[in-house]
$ cat query.tsv   # TSV, C-alpha atoms
chain	number	residue	atom	x	y	z
J	1	MET	CA	65.65	70.71	-0.61
J	2	ARG	CA	63.25	69.21	1.86
J	3	GLN	CA	61.03	67.94	-0.95
J	4	ASP	CA	64.04	66.40	-2.67
J	5	ALA	CA	64.93	64.54	0.50
J	6	GLN	CA	61.39	63.19	0.68
J	7	VAL	CA	61.35	61.66	-2.79
J	8	SER	CA	64.93	60.40	-2.86
J	9	VAL	CA	64.56	56.90	-1.49
J	10	ASP	CA	67.57	54.66	-1.35
J	11	PRO	CA	67.82	53.36	-4.92
J	12	PRO	CA	69.23	49.84	-4.98
J	13	PRO	CA	72.21	49.32	-7.25
J	14	GLY	CA	71.60	48.70	-10.92
J	15	GLU	CA	67.97	48.24	-11.82
J	16	ALA	CA	66.10	50.61	-9.57
J	17	VAL	CA	64.53	53.86	-10.69
J	18	PRO	CA	63.45	56.33	-8.02
J	19	PRO	CA	59.71	57.00	-7.88
J	20	GLU	CA	58.34	60.03	-9.65
J	21	PRO	CA	57.93	63.16	-7.53
J	22	GLY	CA	54.32	63.70	-6.59
J	23	GLY	CA	53.48	60.04	-7.22
J	24	THR	CA	51.71	57.77	-4.79
J	25	SER	CA	54.90	55.91	-3.92
J	26	GLU	CA	55.73	54.86	-0.37
J	27	PRO	CA	59.16	54.90	1.26
J	28	GLY	CA	61.27	52.00	0.10
J	29	GLU	CA	59.21	51.58	-3.07
J	30	ILE	CA	61.01	51.42	-6.39
J	31	GLU	CA	59.72	51.40	-9.95
J	32	PRO	CA	60.14	47.83	-11.22
J	33	ASP	CA	61.87	47.09	-14.51
J	34	PRO	CA	59.12	47.59	-17.14
J	35	ARG	CA	60.01	44.25	-18.74
J	36	PHE	CA	59.18	42.46	-15.49
J	37	SER	CA	55.92	44.35	-15.17
J	38	TYR	CA	54.99	43.38	-18.73
J	39	ALA	CA	55.87	39.74	-17.98
J	40	ASN	CA	53.67	39.89	-14.88
J	41	GLU	CA	50.83	41.33	-16.98
J	42	ARG	CA	51.20	38.53	-19.53
J	43	THR	CA	51.11	35.96	-16.74
J	44	PHE	CA	47.86	37.53	-15.55
J	45	LEU	CA	46.45	37.32	-19.07
J	46	ALA	CA	47.59	33.69	-19.43
J	47	TRP	CA	45.66	32.82	-16.26
J	48	ILE	CA	42.63	34.69	-17.59
J	49	ARG	CA	42.80	32.60	-20.76
J	50	THR	CA	43.10	29.47	-18.65
J	51	ALA	CA	39.96	30.55	-16.79
J	52	LEU	CA	38.11	31.23	-20.05
J	53	GLY	CA	39.23	27.87	-21.45
J	54	LEU	CA	37.91	26.03	-18.39
J	55	ILE	CA	34.63	27.97	-18.49
J	56	THR	CA	34.22	27.23	-22.21
J	57	ALA	CA	34.99	23.54	-21.69
J	58	GLY	CA	32.51	23.34	-18.81
J	59	LEU	CA	29.83	25.08	-20.89
J	60	ALA	CA	30.47	22.74	-23.80
J	61	VAL	CA	29.99	19.74	-21.50
J	62	THR	CA	26.73	20.98	-19.97
J	63	GLN	CA	25.28	22.38	-23.21
J	64	LEU	CA	26.63	20.28	-26.09
J	65	PHE	CA	27.25	16.78	-24.70
J	66	PRO	CA	24.55	14.15	-25.14
J	67	LYS	CA	22.95	13.26	-21.83
J	68	PHE	CA	24.46	10.52	-19.68
J	69	ASP	CA	22.13	7.85	-18.29
J	70	PHE	CA	23.45	8.86	-14.90
J	71	PRO	CA	21.30	11.85	-13.80
J	72	GLY	CA	23.28	15.09	-13.56
J	73	GLY	CA	26.34	13.46	-15.14
J	74	ARG	CA	27.11	16.39	-17.41
J	75	ARG	CA	26.82	18.85	-14.53
J	76	LEU	CA	29.11	16.67	-12.44
J	77	ILE	CA	31.82	17.14	-15.07
J	78	GLY	CA	31.08	20.65	-16.34
J	79	LEU	CA	30.27	22.65	-13.22
J	80	PRO	CA	33.56	21.98	-11.35
J	81	LEU	CA	35.44	23.18	-14.43
J	82	ILE	CA	33.41	26.39	-14.57
J	83	ALA	CA	33.80	26.96	-10.81
J	84	LEU	CA	37.55	26.51	-11.17
J	85	GLY	CA	37.52	29.08	-13.96
J	86	VAL	CA	35.77	31.63	-11.71
J	87	LEU	CA	38.28	30.94	-8.92
J	88	ILE	CA	41.23	31.41	-11.27
J	89	ALA	CA	39.80	34.65	-12.67
J	90	GLY	CA	39.70	36.08	-9.15
J	91	PHE	CA	43.12	34.85	-8.03
J	92	SER	CA	44.80	35.87	-11.29
J	93	PHE	CA	44.31	39.47	-10.20
J	94	THR	CA	45.38	39.05	-6.56
J	95	ASN	CA	48.46	37.10	-7.68
J	96	TRP	CA	49.35	39.79	-10.20
J	97	ARG	CA	49.04	42.40	-7.49
J	98	ARG	CA	51.17	40.43	-5.00
J	99	ASN	CA	53.88	39.93	-7.63
J	100	GLU	CA	53.82	43.61	-8.55
J	101	ASP	CA	54.12	44.64	-4.87
J	102	ALA	CA	56.94	42.15	-4.31
J	103	MET	CA	58.86	43.68	-7.21
J	104	ARG	CA	58.17	47.21	-6.00
J	105	PHE	CA	59.50	46.47	-2.52
J	106	GLN	CA	62.26	44.09	-3.66
J	107	ARG	CA	60.83	41.08	-1.87
J	108	PRO	CA	61.01	37.52	-3.23
J	109	LEU	CA	58.06	36.61	-5.46
J	110	PRO	CA	55.31	34.93	-3.39
J	111	PRO	CA	54.41	31.31	-4.14
J	112	SER	CA	51.08	30.54	-5.83
J	113	PHE	CA	48.84	27.59	-5.05
J	114	LEU	CA	46.86	27.97	-8.29
J	115	PRO	CA	48.84	25.38	-10.34
J	116	ARG	CA	48.24	22.74	-7.66
J	117	ILE	CA	44.50	23.46	-7.51
J	118	VAL	CA	44.24	23.27	-11.30
J	119	ALA	CA	46.07	19.93	-11.34
J	120	VAL	CA	43.88	18.48	-8.56
J	121	VAL	CA	40.52	19.64	-9.94
J	122	VAL	CA	41.27	18.67	-13.53
J	123	SER	CA	42.51	15.23	-12.38
J	124	VAL	CA	39.42	14.61	-10.25
J	125	VAL	CA	37.10	15.69	-13.08
J	126	ALA	CA	38.99	13.44	-15.50
J	127	VAL	CA	38.53	10.46	-13.16
J	128	ILE	CA	34.80	11.23	-12.82
J	129	GLY	CA	34.55	11.44	-16.61
J	130	LEU	CA	36.37	8.14	-17.00
J	131	ILE	CA	34.06	6.40	-14.51
J	132	LEU	CA	30.95	7.81	-16.19
J	133	ALA	CA	32.20	6.76	-19.61
J	134	LEU	CA	33.01	3.24	-18.42
J	135	VAL	CA	29.60	2.85	-16.74
J	136	GLU	CA	27.79	4.05	-19.87
J	137	THR	CA	29.80	1.72	-22.11
J	138	GLY	CA	29.03	-1.22	-19.84
J	139	ARG	CA	25.30	-0.50	-19.99
J	140	SER	CA	24.91	-0.23	-23.74
B	1	MET	CA	59.27	60.83	-17.56
B	2	THR	CA	62.01	59.43	-15.40
B	3	ALA	CA	61.29	55.87	-16.42
B	4	ARG	CA	63.49	54.38	-19.09
B	5	ASP	CA	62.04	53.69	-22.48
B	6	PRO	CA	61.60	49.93	-22.37
B	7	GLU	CA	61.63	49.55	-26.13
B	8	GLY	CA	65.02	51.22	-26.40
B	9	ILE	CA	66.69	48.68	-24.16
B	10	ASP	CA	64.47	45.67	-24.64
B	11	PRO	CA	65.41	43.19	-27.37
B	12	GLY	CA	62.61	40.88	-26.15
B	13	LEU	CA	59.84	43.27	-27.27
B	14	ALA	CA	57.99	42.88	-23.97
B	15	SER	CA	55.48	45.55	-24.93
B	16	GLU	CA	54.59	43.92	-28.23
B	17	ARG	CA	54.32	40.45	-26.69
B	18	THR	CA	51.98	41.87	-24.08
B	19	ASP	CA	49.82	43.36	-26.81
B	20	LEU	CA	49.68	39.96	-28.51
B	21	ALA	CA	48.73	38.34	-25.19
B	22	TRP	CA	45.76	40.73	-25.01
B	23	ASN	CA	44.74	39.65	-28.53
B	24	ARG	CA	44.93	35.95	-27.63
B	25	SER	CA	42.88	36.55	-24.53
B	26	GLY	CA	40.21	38.36	-26.52
B	27	LEU	CA	40.06	35.43	-28.94
B	28	SER	CA	39.58	33.06	-25.99
B	29	LEU	CA	36.57	35.09	-25.00
B	30	LEU	CA	35.17	34.84	-28.54
B	31	ALA	CA	35.55	31.05	-28.33
B	32	CYS	CA	33.67	31.14	-25.03
B	33	GLY	CA	30.94	33.30	-26.58
B	34	ALA	CA	30.71	30.95	-29.55
B	35	ALA	CA	30.24	27.98	-27.21
B	36	VAL	CA	27.40	29.80	-25.49
B	37	ALA	CA	25.82	30.83	-28.78
B	38	ARG	CA	26.03	27.26	-30.04
B	39	GLY	CA	24.47	26.07	-26.80
B	40	LEU	CA	21.59	28.47	-27.33
B	41	THR	CA	20.51	26.82	-30.56
B	42	ILE	CA	20.26	23.31	-29.09
B	43	GLY	CA	16.98	22.08	-27.66
B	44	GLU	CA	13.88	24.18	-27.17
B	45	PRO	CA	14.59	27.91	-26.70
B	46	VAL	CA	14.48	29.02	-23.07
B	47	PRO	CA	14.20	32.80	-22.57
B	48	ALA	CA	16.42	32.78	-19.47
B	49	ARG	CA	19.14	30.87	-21.30
B	50	THR	CA	19.04	33.34	-24.16
B	51	ALA	CA	19.27	36.22	-21.70
B	52	VAL	CA	22.28	34.71	-19.95
B	53	GLY	CA	24.04	33.99	-23.24
B	54	VAL	CA	23.50	37.48	-24.59
B	55	THR	CA	24.67	38.96	-21.29
B	56	ILE	CA	27.89	36.96	-21.48
B	57	LEU	CA	28.57	38.08	-25.01
B	58	VAL	CA	27.81	41.77	-24.45
B	59	LEU	CA	29.46	42.22	-21.04
B	60	GLY	CA	32.42	40.00	-21.93
B	61	GLY	CA	32.95	41.76	-25.24
B	62	LEU	CA	32.77	45.18	-23.61
B	63	THR	CA	35.22	44.13	-20.90
B	64	TRP	CA	37.78	42.96	-23.41
B	65	ALA	CA	37.32	45.88	-25.77
B	66	LEU	CA	37.95	48.28	-22.88
B	67	GLY	CA	40.88	46.26	-21.51
B	68	GLY	CA	42.60	45.95	-24.87
B	69	TRP	CA	42.05	49.61	-25.67
B	70	GLN	CA	43.55	50.59	-22.32
B	71	ALA	CA	46.54	48.30	-22.91
B	72	ARG	CA	47.30	49.85	-26.29
B	73	ARG	CA	46.95	53.33	-24.82
B	74	ARG	CA	49.34	52.45	-21.99
B	75	ALA	CA	51.90	51.02	-24.41
B	76	GLY	CA	51.82	54.13	-26.60
B	77	ALA	CA	54.04	57.18	-26.35
B	78	GLY	CA	53.43	60.25	-24.24
B	79	ALA	CA	52.19	61.00	-20.76
B	80	ALA	CA	49.71	58.10	-20.75
B	81	ARG	CA	52.52	55.57	-21.00
B	82	HIS	CA	52.83	53.32	-17.98
B	83	THR	CA	52.85	49.64	-17.07
B	84	ALA	CA	49.65	48.02	-15.85
B	85	ARG	CA	47.97	49.37	-12.74
B	86	PRO	CA	45.30	47.64	-10.64
B	87	ALA	CA	42.53	49.71	-12.21
B	88	ASP	CA	43.63	48.50	-15.67
B	89	LEU	CA	43.38	44.79	-14.89
B	90	LEU	CA	40.72	44.52	-12.19
B	91	PRO	CA	37.77	45.03	-14.61
B	92	VAL	CA	39.11	42.22	-16.82
B	93	ALA	CA	39.34	39.83	-13.85
B	94	ILE	CA	35.86	40.80	-12.64
B	95	GLY	CA	34.42	40.52	-16.15
B	96	THR	CA	35.91	37.07	-16.65
B	97	ALA	CA	34.65	35.92	-13.25
B	98	GLY	CA	31.22	37.31	-14.22
B	99	VAL	CA	31.24	35.30	-17.44
B	100	GLY	CA	32.07	32.24	-15.35
B	101	VAL	CA	29.24	32.88	-12.89
B	102	ALA	CA	26.80	33.28	-15.78
B	103	ALA	CA	28.11	30.06	-17.32
B	104	PHE	CA	27.66	28.29	-13.98
B	105	VAL	CA	24.05	29.46	-13.71
B	106	LEU	CA	23.47	28.40	-17.32
B	107	GLY	CA	24.94	24.96	-16.72
B	108	LEU	CA	23.21	24.42	-13.37
B	109	PHE	CA	19.66	25.50	-14.22
B	110	PHE	CA	19.46	25.37	-18.00
B	111	PRO	CA	21.42	22.42	-19.37
B	112	SER	CA	20.29	21.72	-22.92

$ encode --input "query.tsv" --output "structure tokens"
Amino acid sequence: MRQDAQVSVDPPPGEAVPPEPGGTSEPGEIEPDPRFSYANERTFLAWIRTALGLITAGLAVTQLFPKFDFPGGRRLIGLPLIALGVLIAGFSFTNWRRNEDAMRFQRPLPPSFLPRIVAVVVSVVAVIGLILALVETGRS
Amino acid sequence: MTARDPEGIDPGLASERTDLAWNRSGLSLLACGAAVARGLTIGEPVPARTAVGVTILVLGGLTWALGGWQARRRAGAGAARHTARPADLLPVAIGTAGVGVAAFVLGLFFPS
């Protein structure tokens, strides 16, 4: 009876499933809808792919591009992309975890600053690339 | 299990789409590995560059093989069935970040 009282947290109406007895659940924690957990996992994977895409693009620039006349031009374009990829790989996990916790404790999903960072870095790199390309065209 | 069977109530096939997402992500890694391998053949061979490239391919491949295997196991029937837990995804994030760090070193010190 006492054990039952311990595991029976207040299940919210509708979606909630009480945590399994003997699990590591805390008071107030509910098991999220599996569909939402799967969607969260796919979002994590989509960010991982974004990270891999940026890393691959940065590698292609530093390894496959012909050299610019401007010294370090390829690194100027490629390395920020790779660094952004590393950053995204790390935050993809912490964001996944925050979303999962928010669902478990029925809080609103936290905002993410990743999309803004991606937009800013990619824009800046594009401008650098444009300037380098224009300078090289003017020289030849 | 007290949890509902998601496939019984889920017309969106969340489990299957998640499996496909794992496949796409693995393919992205192969593309990354191919870019490194292509980079290795350009210019004079540098032992350190070769070492970094091989490390990316081996560690990255292992990370994804393990992650994908875990995901299929989790999606299957029986006691092992559960949605993703931190220990399932953290190695993938660390592995991807590791690939990125290796790529950064490669690009910074060994551009072709």

$ interface_residues --input "query.tsv" --of "chain B" --to "chain J" --cutoff "6 Å" --atoms "all atoms listed in the file" --output "list in words"
Ala14, Thr18, Ser25, Cys32, Gly39, Ala93, Ala97, Gly100, Gly107, Pro111 and Ser112 of chain B

$ closest_residue --input "query.tsv" --among "J:Phe105, J:Arg98, J:Glu29, J:Ile77" --to "J:Ala126" --atoms "only C-alpha atoms"
J:Ile77

$ atom_distance --input "query.tsv" --atom1 "atom CA of B:Gly26" --atom2 "atom CA of B:Trp69"
11.4 Å

$ atom_distance --input "query.tsv" --atom1 "atom CA of J:Gly73" --atom2 "atom CA of B:Phe104"
14.9 Å

$ atom_distance --input "query.tsv" --atom1 "atom CA of B:Gly68" --atom2 "atom CA of B:Asn23"
7.6 Å

$ closest_residue --input "query.tsv" --among "B:Ala34, B:Val101, B:Leu89, B:Leu13" --to "B:Gly61" --atoms "all atoms listed in the file"
B:Ala34

$ closest_residue --input "query.tsv" --among "J:Val127, J:Val120, J:Ala102, J:Ser112" --to "J:Gly28" --atoms "all atoms listed in the file"
J:Ala102

$ closest_residue --input "query.tsv" --among "J:Leu130, J:Asn95, J:Asp101, J:Ile30" --to "J:Phe113" --atoms "only C-alpha atoms"
J:Asn95

$ residues_around --input "query.tsv" --residues "B:Ala65" --least-positions-apart "4" --cutoff "12 Å" --atoms "only C-alpha atoms" --output "PyMOL selection string"
chain B and resi 22-23+25-27+29-30+57-61+69-72+91-92+95
